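Structure first, commentary second.
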Number of protein chains: 8
Amino acid sequence: MNPTVLIVMGSDSDMHVMEGTALLLQEFGISYDIVIASAHRTPERTIKLAVNAEKTGVQLIIAGAGMAAHLAGVLAAHTILPVIGVPIDSSPLNGIDALVSTVQMPPGVPVATMAIGKAGAKNAAVFSAQIIGLKNPHVAKRLRAFKKKMAKEVEKKSKALRKHNP
Amino acid sequence: MNPTVLIVMGSDSDMHVMEGTALLLQEFGISYDIVIASAHRTPERTIKLAVNAEKTGVQLIIAGAGMAAHLAGVLAAHTILPVIGVPIDSSPLNGIDALVSTVQMPPGVPVATMAIGKAGAKNAAVFSAQIIGLKNPHVAKRLRAFKKKMAKEVEKKSKALRKHNP
Amino acid sequence: MNPTVLIVMGSDSDMHVMEGTALLLQEFGISYDIVIASAHRTPERTIKLAVNAEKTGVQLIIAGAGMAAHLAGVLAAHTILPVIGVPIDSSPLNGIDALVSTVQMPPGVPVATMAIGKAGAKNAAVFSAQIIGLKNPHVAKRLRAFKKKMAKEVEKKSKALRKHNP
Amino acid sequence: MNPTVLIVMGSDSDMHVMEGTALLLQEFGISYDIVIASAHRTPERTIKLAVNAEKTGVQLIIAGAGMAAHLAGVLAAHTILPVIGVPIDSSPLNGIDALVSTVQMPPGVPVATMAIGKAGAKNAAVFSAQIIGLKNPHVAKRLRAFKKKMAKEVEKKSKALRKHNP
Amino acid sequence: MNPTVLIVMGSDSDMHVMEGTALLLQEFGISYDIVIASAHRTPERTIKLAVNAEKTGVQLIIAGAGMAAHLAGVLAAHTILPVIGVPIDSSPLNGIDALVSTVQMPPGVPVATMAIGKAGAKNAAVFSAQIIGLKNPHVAKRLRAFKKKMAKEVEKKSKALRKHNP
Amino acid sequence: MNPTVLIVMGSDSDMHVMEGTALLLQEFGISYDIVIASAHRTPERTIKLAVNAEKTGVQLIIAGAGMAAHLAGVLAAHTILPVIGVPIDSSPLNGIDALVSTVQMPPGVPVATMAIGKAGAKNAAVFSAQIIGLKNPHVAKRLRAFKKKMAKEVEKKSKALRKHNP
Amino acid sequence: MNPTVLIVMGSDSDMHVMEGTALLLQEFGISYDIVIASAHRTPERTIKLAVNAEKTGVQLIIAGAGMAAHLAGVLAAHTILPVIGVPIDSSPLNGIDALVSTVQMPPGVPVATMAIGKAGAKNAAVFSAQIIGLKNPHVAKRLRAFKKKMAKEVEKKSKALRKHNP
Amino acid sequence: MNPTVLIVMGSDSDMHVMEGTALLLQEFGISYDIVIASAHRTPERTIKLAVNAEKTGVQLIIAGAGMAAHLAGVLAAHTILPVIGVPIDSSPLNGIDALVSTVQMPPGVPVATMAIGKAGAKNAAVFSAQIIGLKNPHVAKRLRAFKKKMAKEVEKKSKALRKHNP
């Protein structure tokens, strides 16, 4: 079966960040494919990914990249599928370069940008589930369960904290 | 009929930015409602909007806010619908405050962030069309037409430019 | 007896910062409660904390959070008690995201913002003592003693320095 | 009668910002005095203001300053009264210099920092009302009325908006 | 005859900046073509420009773009010709977004980045002349004359200044 | 007689800023010369100025420049006279480029950096007076008078303010 | 034989960055010389390098420097050869000081700026090869091979990734 | 004998930075005293240092401080002696807070600001020597020797580098 989400990252060194996306998509029961493609070093490959995604039933694309992060923007230029961008902190500029290179898209070609790094990678999966949950009630149900679990964990930790600080 | 998209903005002074969202949604044939609600000045109203949106068939929420822009994040905290954030430049900090307040969401509660200001407001509409286009072929068709029109306009302007700079 | 100060933090990983607030409040003889609540993951819980604080005699609320730190702002939206915000450095952006998300509040709903991280956490306690000291002479007395002790320590260190650099 | 709040600003050119503080304090029925004193050009005067404030029954000090804004910090160094800082945007750096010069206080000497500029000036008054409201029920009552009025205005504007965008 | 330099800009609104490149290239006697192409709105057109440039004898490409400026990077991805990037200030972020999106290229695909805006547009022409001057003595000669003229103008202005400030 | 201070600026467009230096030096009774020289466009001229300054009895050099402001640093590299740098706001980056280009000098070759723009230009004159005042009691006396006048003006303005806000 | 490229760095502590330039130039078969010269500590030496470069057949100069990085700008001021700047991250400011000090050159004296640090050092070599490749077909051929190798490596890594994440 | 230079630092934790000033002053044969005084924790002590400095023959004051670094500014407010500021990187903001708090002084009260951290601490000593060298030929002579030694070291390191990279 074809994957619902395509995860693309600019370099294999981004894997330790983007695996957070993959793990959460599994938790939501969403199928995905994960590939490396660089907007600059493999431009044709990147374009092909965007163009083929639409044909093969991919519902949305998640792109993680650092520095002058053009990956999400280049993918978005070649498809009408929603593209979610994860700016990665891989230069001395703390990811601020990747953030503005991803989010400051010109009118007409949006990239839905998440937080820099691991938080953003996880949220790319949650946001995907929110989109897919619009038509897939199983995913919507898991999302609600996920939200409840998060809330419970916070409460549990709060109680534990109080015990040690009575 | 209930609107598909709910546009929320933090203040009526944000209207000159967010009308760009409304106009483009009309172009894509997507119904919407537009309201003012402040995460800080009308917190209950804001929460009610998020909670009711899901019940009344809204598919996604677009939130435009400036300064310590908590609006999109607060809406996202109270719904599993996708929330798109438009940071608005309404303080001496050029919108960088609104940008990081919108995009740097913690793991579990994403806000899909667009560019600061008018470019972002327009792209919030385009991104909405990309999500809705996943199940609505009419919207998908208009999106493709929109992309082509954009491309043609660039080419037309390029020709006009050359005429004046032969 | 009900606590005078309510310390709220967005995540248990913020404890190593916010314990500085707790320890100093003890030094000033000010009672407090400390809990975890996330503006995004446990919004209802957060609101309840703000609403109940007023009823149970809490005098002021201290909120520590990182990234797009909405915690202090959300608490402030639901109470007329003074809310003190401590931006926490927990993302690649060095806490600048938490700083502007906490301080750049729109007119009408202030958050009294402290320095980023441990310095701010300590100062949240000192500032609380300054407010409570306005009507509680015991706290005012301890504040004066605290100020003197600080000054003496500086002088002592200066003398020690001179000995080693005669 | 002695004023409850002392407003200090670094230069008369800051008046167009700090008058927002004065007007709101009047609305809350809080008496105030307003003076100009520079941490750098009139250091003795500034210190005297801080030292005398405590003696004459002032409850808290609000300081507005731009550039390397040391005013709030210098006042805070000479009193145990709460000091609220308003960073003013009066250099090419958009007030980011005033913001960090005001908020990044070392442990032991807090300045409760508000947003840059007019929003912060207004919030300095609201925050003062929140502190004074802790023991003055008249001020607390006005604060609640103020919060309600704000909420109503947002709702009114939202209705007006909808009329024009049906 | 085919042009030596290809100037590409992302939008016709960038013309008031990039005309500085064109005028200086004329002064150096270097032929050029000037077109509009957007990395995001006309991706195929942009790629074609890069691929064809090499075939038709273009020696180098100058790309001016604002916001998440991917134009220079995308062109560089599809050619081995030198690509010079001019970041343009066309968003609330003062061109810092365009600067880092242009300069922070990953290893392997350089973009030679100039200053933001008009200064950078002029320098793109001068740098082109420096490259072309390596093999074209006429251009090298004009470059030397240009440098001398600049120096003389400074001296002339300095004398004029002194006259008015004796 | 040879001037005591040499004011150098990178461009005649910097004159509206640097005239503030000249006017204040006159007030302190310090002789000066004012010239235009660019570190980049007239490097030899700039070096000559630095080298000659020492020979002709100049006591210190003030350099005002914008963008990648190398002027002060280049002058400092060619002399042991104290060099004072005034960063000028003449690019989209608000003078932050000129500030760090001036202040972040490597160990061994200092530039005494003033605030960005007009405030810095005036302070370059005051700081010069402070240095010259170390051996010239007339200048020291005027400095003291200047400090008193500043303080009086603040007090006068404060009184005027109070009259209008009784 | 005289070298084609002159690599200059401001300090021997920059060698761990700039060796990336040297190694890649070797791969492209481009001869180079590598020296240390500081714009501030050895200004005459730096100028001599720029002036002599042109005479001895050097085709272009690569300058790596940190902090208020004036090296590339000073070299560019004394030659018409193309100068490529590599900003080095060697201060608490993460290289943002070196970046703007290198890139924000005034009109007339360009420095072709690369990314901060090691990525930029490598790209300085690639960009040199692109310039030299304009007249040297051997270098152009190696450039094409280099581009292909980069693309293949990405594809290989992508396959390896998939194996471990089937 | 009274010291010529007074080094003040805000905290003993700044000693590892400011010892660079002390060591270089020794090399230049300039006497100094080194003390700890905080603008915020020991304001009276700080003021006394500034006021006494002038009386006891101190020629200039060097102040090193981090965060909202008011130390140099407060000293400058109480003396007409030249004050040199060294911003120290001691908060999550990388010293940018200390830099702008030190350099952005309002007109009338300058602080001669050096680079952030160790480079700045060393340069504070060199700049002091440049001021003192104006009337003390021994110091001027040592300064010239220092400059020559620096230049020679660069050349020596350059030769060593070449040996290993022939």
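We name chains A, B, ... following the order of the structure tokens; residues begin at 1 in each chain, and ligands are numbered from 1 as shown.
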
For chain G against chain H, which residues fall within 7 Å using only C-alpha atoms, given as a VMD selection string? chain G and resid 12 34 to 37 41 to 42 92 to 93

Tell me, as a PDB file with N, CA, C and O atoms, in the first residue's frame, which residues lie within 12 Å of Gly10 (chain F), counting only C-alpha atoms; anything in the same chain fewer than 2 positions away does not count.
ATOM      1  N   ALA E 151      37.361  56.594  -5.749  1.00  0.00           N
ATOM      2  CA  ALA E 151      38.300  57.208  -4.810  1.00  0.00           C
ATOM      3  C   ALA E 151      38.298  58.721  -4.977  1.00  0.00           C
ATOM      4  O   ALA E 151      38.291  59.481  -4.003  1.00  0.00           O
ATOM      5  N   VAL E 154      35.275  60.434  -3.447  1.00  0.00           N
ATOM      6  CA  VAL E 154      35.401  60.553  -1.994  1.00  0.00           C
ATOM      7  C   VAL E 154      36.256  61.772  -1.650  1.00  0.00           C
ATOM      8  O   VAL E 154      35.894  62.595  -0.796  1.00  0.00           O
ATOM      9  N   GLU E 155      37.388  61.886  -2.339  1.00  0.00           N
ATOM     10  CA  GLU E 155      38.280  63.020  -2.060  1.00  0.00           C
ATOM     11  C   GLU E 155      37.611  64.361  -2.373  1.00  0.00           C
ATOM     12  O   GLU E 155      37.755  65.330  -1.633  1.00  0.00           O
ATOM     13  N   LYS E 157      34.379  65.029  -2.378  1.00  0.00           N
ATOM     14  CA  LYS E 157      33.374  65.302  -1.357  1.00  0.00           C
ATOM     15  C   LYS E 157      34.020  65.745  -0.055  1.00  0.00           C
ATOM     16  O   LYS E 157      33.472  66.583   0.675  1.00  0.00           O
ATOM     17  N   SER E 158      35.159  65.173   0.248  1.00  0.00           N
ATOM     18  CA  SER E 158      35.847  65.538   1.477  1.00  0.00           C
ATOM     19  C   SER E 158      36.286  66.997   1.420  1.00  0.00           C
ATOM     20  O   SER E 158      36.167  67.738   2.394  1.00  0.00           O
TER      21      SER E 158
ATOM     22  N   ILE F   7      38.185  63.768  12.908  1.00  0.00           N
ATOM     23  CA  ILE F   7      36.928  63.061  12.638  1.00  0.00           C
ATOM     24  C   ILE F   7      36.955  62.548  11.205  1.00  0.00           C
ATOM     25  O   ILE F   7      37.144  63.321  10.273  1.00  0.00           O
ATOM     26  N   VAL F   8      36.776  61.253  11.059  1.00  0.00           N
ATOM     27  CA  VAL F   8      36.742  60.652   9.727  1.00  0.00           C
ATOM     28  C   VAL F   8      35.388  59.984   9.551  1.00  0.00           C
ATOM     29  O   VAL F   8      34.894  59.318  10.460  1.00  0.00           O
ATOM     30  N   ASP F  12      29.839  61.054   2.668  1.00  0.00           N
ATOM     31  CA  ASP F  12      29.267  62.355   3.008  1.00  0.00           C
ATOM     32  C   ASP F  12      27.828  62.229   3.528  1.00  0.00           C
ATOM     33  O   ASP F  12      27.336  63.125   4.203  1.00  0.00           O
ATOM     34  N   SER F  13      27.192  61.083   3.245  1.00  0.00           N
ATOM     35  CA  SER F  13      25.833  60.885   3.769  1.00  0.00           C
ATOM     36  C   SER F  13      25.842  60.646   5.281  1.00  0.00           C
ATOM     37  O   SER F  13      24.791  60.615   5.914  1.00  0.00           O
ATOM     38  N   ASP F  14      27.020  60.461   5.852  1.00  0.00           N
ATOM     39  CA  ASP F  14      27.117  60.295   7.309  1.00  0.00           C
ATOM     40  C   ASP F  14      27.220  61.638   8.038  1.00  0.00           C
ATOM     41  O   ASP F  14      27.222  61.675   9.272  1.00  0.00           O
ATOM     42  N   MET F  15      27.308  62.725   7.274  1.00  0.00           N
ATOM     43  CA  MET F  15      27.550  64.040   7.873  1.00  0.00           C
ATOM     44  C   MET F  15      26.443  64.453   8.841  1.00  0.00           C
ATOM     45  O   MET F  15      26.715  65.040   9.890  1.00  0.00           O
ATOM     46  N   VAL F  17      24.891  62.787  10.832  1.00  0.00           N
ATOM     47  CA  VAL F  17      25.126  62.148  12.129  1.00  0.00           C
ATOM     48  C   VAL F  17      26.374  62.736  12.786  1.00  0.00           C
ATOM     49  O   VAL F  17      26.344  63.145  13.945  1.00  0.00           O
ATOM     50  N   MET F  18      27.452  62.808  12.037  1.00  0.00           N
ATOM     51  CA  MET F  18      28.743  63.170  12.624  1.00  0.00           C
ATOM     52  C   MET F  18      28.869  64.663  12.944  1.00  0.00           C
ATOM     53  O   MET F  18      29.779  65.070  13.667  1.00  0.00           O
ATOM     54  N   ILE F  34      37.814  67.543  10.023  1.00  0.00           N
ATOM     55  CA  ILE F  34      36.796  66.577   9.633  1.00  0.00           C
ATOM     56  C   ILE F  34      36.969  66.232   8.162  1.00  0.00           C
ATOM     57  O   ILE F  34      37.031  67.110   7.310  1.00  0.00           O
ATOM     58  N   VAL F  35      37.101  64.936   7.873  1.00  0.00           N
ATOM     59  CA  VAL F  35      37.358  64.494   6.498  1.00  0.00           C
ATOM     60  C   VAL F  35      36.519  63.264   6.166  1.00  0.00           C
ATOM     61  O   VAL F  35      36.004  62.584   7.044  1.00  0.00           O
ATOM     62  N   ILE F  36      36.391  63.012   4.869  1.00  0.00           N
ATOM     63  CA  ILE F  36      35.745  61.788   4.399  1.00  0.00           C
ATOM     64  C   ILE F  36      36.823  60.848   3.878  1.00  0.00           C
ATOM     65  O   ILE F  36      37.707  61.257   3.122  1.00  0.00           O
ATOM     66  N   ALA F  37      36.762  59.627   4.306  1.00  0.00           N
ATOM     67  CA  ALA F  37      37.683  58.613   3.794  1.00  0.00           C
ATOM     68  C   ALA F  37      37.021  57.267   3.984  1.00  0.00           C
ATOM     69  O   ALA F  37      36.465  56.979   5.042  1.00  0.00           O
ATOM     70  N   SER F  38      37.072  56.439   2.962  1.00  0.00           N
ATOM     71  CA  SER F  38      36.428  55.139   3.044  1.00  0.00           C
ATOM     72  C   SER F  38      37.489  54.057   3.163  1.00  0.00           C
ATOM     73  O   SER F  38      38.468  54.044   2.420  1.00  0.00           O
ATOM     74  N   ALA F  39      37.270  53.151   4.114  1.00  0.00           N
ATOM     75  CA  ALA F  39      38.202  52.029   4.284  1.00  0.00           C
ATOM     76  C   ALA F  39      38.262  51.183   3.024  1.00  0.00           C
ATOM     77  O   ALA F  39      39.263  50.515   2.756  1.00  0.00           O
ATOM     78  N   HIS F  40      37.170  51.203   2.247  1.00  0.00           N
ATOM     79  CA  HIS F  40      37.102  50.329   1.082  1.00  0.00           C
ATOM     80  C   HIS F  40      37.330  51.053  -0.233  1.00  0.00           C
ATOM     81  O   HIS F  40      37.947  50.521  -1.136  1.00  0.00           O
ATOM     82  N   ARG F  41      36.822  52.287  -0.326  1.00  0.00           N
ATOM     83  CA  ARG F  41      36.942  52.992  -1.600  1.00  0.00           C
ATOM     84  C   ARG F  41      38.223  53.813  -1.672  1.00  0.00           C
ATOM     85  O   ARG F  41      38.749  54.051  -2.742  1.00  0.00           O
ATOM     86  N   THR F  42      38.727  54.261  -0.524  1.00  0.00           N
ATOM     87  CA  THR F  42      40.001  55.007  -0.527  1.00  0.00           C
ATOM     88  C   THR F  42      40.909  54.458   0.568  1.00  0.00           C
ATOM     89  O   THR F  42      41.266  55.156   1.512  1.00  0.00           O
ATOM     90  N   PRO F  43      41.326  53.205   0.413  1.00  0.00           N
ATOM     91  CA  PRO F  43      42.105  52.590   1.496  1.00  0.00           C
ATOM     92  C   PRO F  43      43.428  53.302   1.770  1.00  0.00           C
ATOM     93  O   PRO F  43      43.795  53.494   2.938  1.00  0.00           O
ATOM     94  N   ARG F  45      44.276  56.432   1.281  1.00  0.00           N
ATOM     95  CA  ARG F  45      43.964  57.697   1.934  1.00  0.00           C
ATOM     96  C   ARG F  45      43.657  57.472   3.424  1.00  0.00           C
ATOM     97  O   ARG F  45      44.111  58.213   4.283  1.00  0.00           O
ATOM     98  N   THR F  46      42.902  56.442   3.701  1.00  0.00           N
ATOM     99  CA  THR F  46      42.524  56.138   5.075  1.00  0.00           C
ATOM    100  C   THR F  46      43.758  55.816   5.908  1.00  0.00           C
ATOM    101  O   THR F  46      43.933  56.309   7.028  1.00  0.00           O
ATOM    102  N   ILE F  62      38.206  59.920  15.668  1.00  0.00           N
ATOM    103  CA  ILE F  62      36.810  59.471  15.763  1.00  0.00           C
ATOM    104  C   ILE F  62      36.372  59.046  14.373  1.00  0.00           C
ATOM    105  O   ILE F  62      36.515  59.805  13.417  1.00  0.00           O
ATOM    106  N   ALA F  63      35.858  57.813  14.250  1.00  0.00           N
ATOM    107  CA  ALA F  63      35.453  57.310  12.940  1.00  0.00           C
ATOM    108  C   ALA F  63      33.992  56.921  12.955  1.00  0.00           C
ATOM    109  O   ALA F  63      33.567  56.122  13.788  1.00  0.00           O
ATOM    110  N   GLY F  64      33.222  57.478  12.023  1.00  0.00           N
ATOM    111  CA  GLY F  64      31.812  57.122  11.879  1.00  0.00           C
ATOM    112  C   GLY F  64      31.581  56.408  10.565  1.00  0.00           C
ATOM    113  O   GLY F  64      31.963  56.915   9.517  1.00  0.00           O
ATOM    114  N   ALA F  65      30.960  55.225  10.612  1.00  0.00           N
ATOM    115  CA  ALA F  65      30.707  54.478   9.383  1.00  0.00           C
ATOM    116  C   ALA F  65      29.538  53.533   9.567  1.00  0.00           C
ATOM    117  O   ALA F  65      29.204  53.146  10.687  1.00  0.00           O
ATOM    118  N   GLY F  66      28.903  53.169   8.442  1.00  0.00           N
ATOM    119  CA  GLY F  66      27.757  52.276   8.475  1.00  0.00           C
ATOM    120  C   GLY F  66      28.051  50.943   7.825  1.00  0.00           C
ATOM    121  O   GLY F  66      29.187  50.665   7.435  1.00  0.00           O
ATOM    122  N   MET F  67      27.050  50.106   7.746  1.00  0.00           N
ATOM    123  CA  MET F  67      27.125  48.768   7.129  1.00  0.00           C
ATOM    124  C   MET F  67      28.261  47.929   7.752  1.00  0.00           C
ATOM    125  O   MET F  67      28.366  47.879   8.964  1.00  0.00           O
ATOM    126  N   ALA F  68      29.071  47.259   6.903  1.00  0.00           N
ATOM    127  CA  ALA F  68      30.220  46.507   7.423  1.00  0.00           C
ATOM    128  C   ALA F  68      31.295  47.518   7.780  1.00  0.00           C
ATOM    129  O   ALA F  68      32.313  47.631   7.109  1.00  0.00           O
ATOM    130  N   ALA F  69      31.076  48.249   8.867  1.00  0.00           N
ATOM    131  CA  ALA F  69      31.870  49.435   9.198  1.00  0.00           C
ATOM    132  C   ALA F  69      33.297  49.051   9.590  1.00  0.00           C
ATOM    133  O   ALA F  69      33.575  48.733  10.737  1.00  0.00           O
ATOM    134  N   HIS F  70      34.205  49.083   8.609  1.00  0.00           N
ATOM    135  CA  HIS F  70      35.603  48.726   8.866  1.00  0.00           C
ATOM    136  C   HIS F  70      36.458  49.948   9.149  1.00  0.00           C
ATOM    137  O   HIS F  70      37.633  49.828   9.461  1.00  0.00           O
ATOM    138  N   LEU F  71      35.889  51.136   8.986  1.00  0.00           N
ATOM    139  CA  LEU F  71      36.705  52.352   9.006  1.00  0.00           C
ATOM    140  C   LEU F  71      37.486  52.502  10.312  1.00  0.00           C
ATOM    141  O   LEU F  71      38.716  52.682  10.298  1.00  0.00           O
ATOM    142  N   ALA F  72      36.788  52.419  11.442  1.00  0.00           N
ATOM    143  CA  ALA F  72      37.467  52.596  12.724  1.00  0.00           C
ATOM    144  C   ALA F  72      38.546  51.533  12.911  1.00  0.00           C
ATOM    145  O   ALA F  72      39.658  51.823  13.355  1.00  0.00           O
ATOM    146  N   VAL F  74      40.232  49.829  10.623  1.00  0.00           N
ATOM    147  CA  VAL F  74      41.382  50.021   9.732  1.00  0.00           C
ATOM    148  C   VAL F  74      42.259  51.164  10.253  1.00  0.00           C
ATOM    149  O   VAL F  74      43.490  51.063  10.258  1.00  0.00           O
ATOM    150  N   LEU F  75      41.638  52.247  10.717  1.00  0.00           N
ATOM    151  CA  LEU F  75      42.423  53.349  11.295  1.00  0.00           C
ATOM    152  C   LEU F  75      43.198  52.846  12.518  1.00  0.00           C
ATOM    153  O   LEU F  75      44.394  53.117  12.669  1.00  0.00           O
ATOM    154  N   GLY F  85      34.831  54.674  17.749  1.00  0.00           N
ATOM    155  CA  GLY F  85      33.975  54.309  16.613  1.00  0.00           C
ATOM    156  C   GLY F  85      32.522  54.669  16.844  1.00  0.00           C
ATOM    157  O   GLY F  85      31.981  54.408  17.917  1.00  0.00           O
ATOM    158  N   VAL F  86      31.902  55.257  15.830  1.00  0.00           N
ATOM    159  CA  VAL F  86      30.473  55.555  15.874  1.00  0.00           C
ATOM    160  C   VAL F  86      29.774  54.730  14.787  1.00  0.00           C
ATOM    161  O   VAL F  86      29.909  55.031  13.603  1.00  0.00           O
ATOM    162  N   PRO F  87      29.030  53.680  15.173  1.00  0.00           N
ATOM    163  CA  PRO F  87      28.310  52.889  14.171  1.00  0.00           C
ATOM    164  C   PRO F  87      27.133  53.699  13.634  1.00  0.00           C
ATOM    165  O   PRO F  87      26.403  54.308  14.415  1.00  0.00           O
ATOM    166  N   ILE F  88      26.973  53.724  12.323  1.00  0.00           N
ATOM    167  CA  ILE F  88      25.912  54.525  11.722  1.00  0.00           C
ATOM    168  C   ILE F  88      24.872  53.611  11.083  1.00  0.00           C
ATOM    169  O   ILE F  88      25.197  52.620  10.434  1.00  0.00           O
ATOM    170  N   SER F  90      22.829  52.838   8.418  1.00  0.00           N
ATOM    171  CA  SER F  90      22.619  53.209   7.013  1.00  0.00           C
ATOM    172  C   SER F  90      22.348  51.997   6.125  1.00  0.00           C
ATOM    173  O   SER F  90      22.672  52.006   4.951  1.00  0.00           O
ATOM    174  N   ALA F  98      26.658  47.709  11.570  1.00  0.00           N
ATOM    175  CA  ALA F  98      27.730  48.656  11.880  1.00  0.00           C
ATOM    176  C   ALA F  98      28.202  48.491  13.324  1.00  0.00           C
ATOM    177  O   ALA F  98      29.401  48.593  13.616  1.00  0.00           O
TER     178      ALA F  98
ATOM    179  N   MET G 105      29.095  44.888   2.714  1.00  0.00           N
ATOM    180  CA  MET G 105      30.056  45.809   2.095  1.00  0.00           C
ATOM    181  C   MET G 105      29.337  46.954   1.379  1.00  0.00           C
ATOM    182  O   MET G 105      28.283  46.764   0.788  1.00  0.00           O
ATOM    183  N   PRO G 106      29.922  48.136   1.410  1.00  0.00           N
ATOM    184  CA  PRO G 106      29.308  49.288   0.742  1.00  0.00           C
ATOM    185  C   PRO G 106      29.420  49.154  -0.779  1.00  0.00           C
ATOM    186  O   PRO G 106      30.262  48.408  -1.270  1.00  0.00           O
ATOM    187  N   PRO G 107      28.581  49.887  -1.517  1.00  0.00           N
ATOM    188  CA  PRO G 107      28.607  49.782  -2.981  1.00  0.00           C
ATOM    189  C   PRO G 107      29.990  50.088  -3.540  1.00  0.00           C
ATOM    190  O   PRO G 107      30.611  51.065  -3.158  1.00  0.00           O
TER     191      PRO G 107
END

Need to verify the contact set: Ala53 (chain B), 9 Å, only C-alpha atoms, exclusion of same-chain residues closer than 6 positions in sequence. Can you return it as a list in words? Val5, Leu6, Gln59, Leu60, Ile61, Thr79 and Leu81 of chain B

Selected residues written out, N, CA, C and O atoms, as an mmCIF file, in the first residue's frame:
data_model
loop_
_atom_site.group_PDB
_atom_site.id
_atom_site.type_symbol
_atom_site.label_atom_id
_atom_site.label_comp_id
_atom_site.auth_asym_id
_atom_site.auth_seq_id
_atom_site.Cartn_x
_atom_site.Cartn_y
_atom_site.Cartn_z
ATOM 1 N N VAL B 5 -14.132 27.158 7.219
ATOM 2 C CA VAL B 5 -12.952 27.730 7.877
ATOM 3 C C VAL B 5 -13.393 28.814 8.856
ATOM 4 O O VAL B 5 -14.285 29.606 8.540
ATOM 5 N N LEU B 6 -12.770 28.828 10.025
ATOM 6 C CA LEU B 6 -13.030 29.900 10.986
ATOM 7 C C LEU B 6 -11.783 30.782 11.079
ATOM 8 O O LEU B 6 -10.706 30.305 11.436
ATOM 9 N N GLN B 59 -13.765 22.914 9.518
ATOM 10 C CA GLN B 59 -12.694 21.964 9.201
ATOM 11 C C GLN B 59 -11.342 22.451 9.722
ATOM 12 O O GLN B 59 -10.494 21.660 10.082
ATOM 13 N N LEU B 60 -11.142 23.748 9.693
ATOM 14 C CA LEU B 60 -9.864 24.250 10.244
ATOM 15 C C LEU B 60 -9.987 25.700 10.648
ATOM 16 O O LEU B 60 -10.881 26.431 10.205
ATOM 17 N N ILE B 61 -9.061 26.101 11.509
ATOM 18 C CA ILE B 61 -9.089 27.429 12.117
ATOM 19 C C ILE B 61 -7.833 28.192 11.708
ATOM 20 O O ILE B 61 -6.735 27.643 11.731
ATOM 21 N N THR B 79 -8.780 22.102 20.767
ATOM 22 C CA THR B 79 -9.415 21.419 19.639
ATOM 23 C C THR B 79 -8.428 20.447 19.006
ATOM 24 O O THR B 79 -7.219 20.582 19.204
ATOM 25 N N LEU B 81 -8.832 20.133 15.682
ATOM 26 C CA LEU B 81 -8.816 20.662 14.314
ATOM 27 C C LEU B 81 -7.448 21.282 14.026
ATOM 28 O O LEU B 81 -6.797 21.809 14.928
#

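Coordinates place CA of Ser11 (chain A) at a distance of 21.5 Å from CA of Pro82 (chain A).
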
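Across the model, the gap from CA of Val109 (chain D) to CA of Phe127 (chain C) is 8.1 Å.
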
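The spacing separating CA of Pro3 (chain F) from CA of Ile84 (chain F) amounts to 16.0 Å.
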
Test item, alpha helix (DSSP H) assignment across chain A, answer as a PyMOL selection string: chain A and resi 15-27+43-55+71-77+96-103+118-132+137-164

Could you please write out, as a PyMOL selection string, every residue of region 86-131 of chain H that DSSP assigns to strand (DSSP E or B)? chain H and resi 86-88+112-113

Those selected residues, please, written with N, CA and C atoms and delivered as a CSV table (one decimal), in the first residue's frame.
chain,number,residue,atom,x,y,z
H,86,VAL,N,33.3,46.5,29.4
H,86,VAL,CA,33.5,45.2,28.8
H,86,VAL,C,32.3,44.3,29.0
H,87,PRO,N,31.5,44.1,28.0
H,87,PRO,CA,30.3,43.3,28.1
H,87,PRO,C,30.7,41.8,28.3
H,88,ILE,N,30.1,41.2,29.3
H,88,ILE,CA,30.4,39.8,29.6
H,88,ILE,C,29.3,38.9,29.3
H,112,ALA,N,32.9,53.7,26.6
H,112,ALA,CA,33.7,53.2,25.5
H,112,ALA,C,33.7,51.7,25.5
H,113,THR,N,32.9,51.1,24.6
H,113,THR,CA,32.6,49.7,24.7
H,113,THR,C,33.5,48.9,23.9

Within 12 Å of Val126 (chain A), counting only C-alpha atoms, which residues show up once you throw out same-chain ones fewer than 3 positions away? Write them as a VMD selection string, please. (chain A and resid 20 to 30 62 84 114 119 to 123 129 to 133 139 to 140 142 to 144 146 to 147) or (chain B and resid 76 80 to 83 105 to 112)
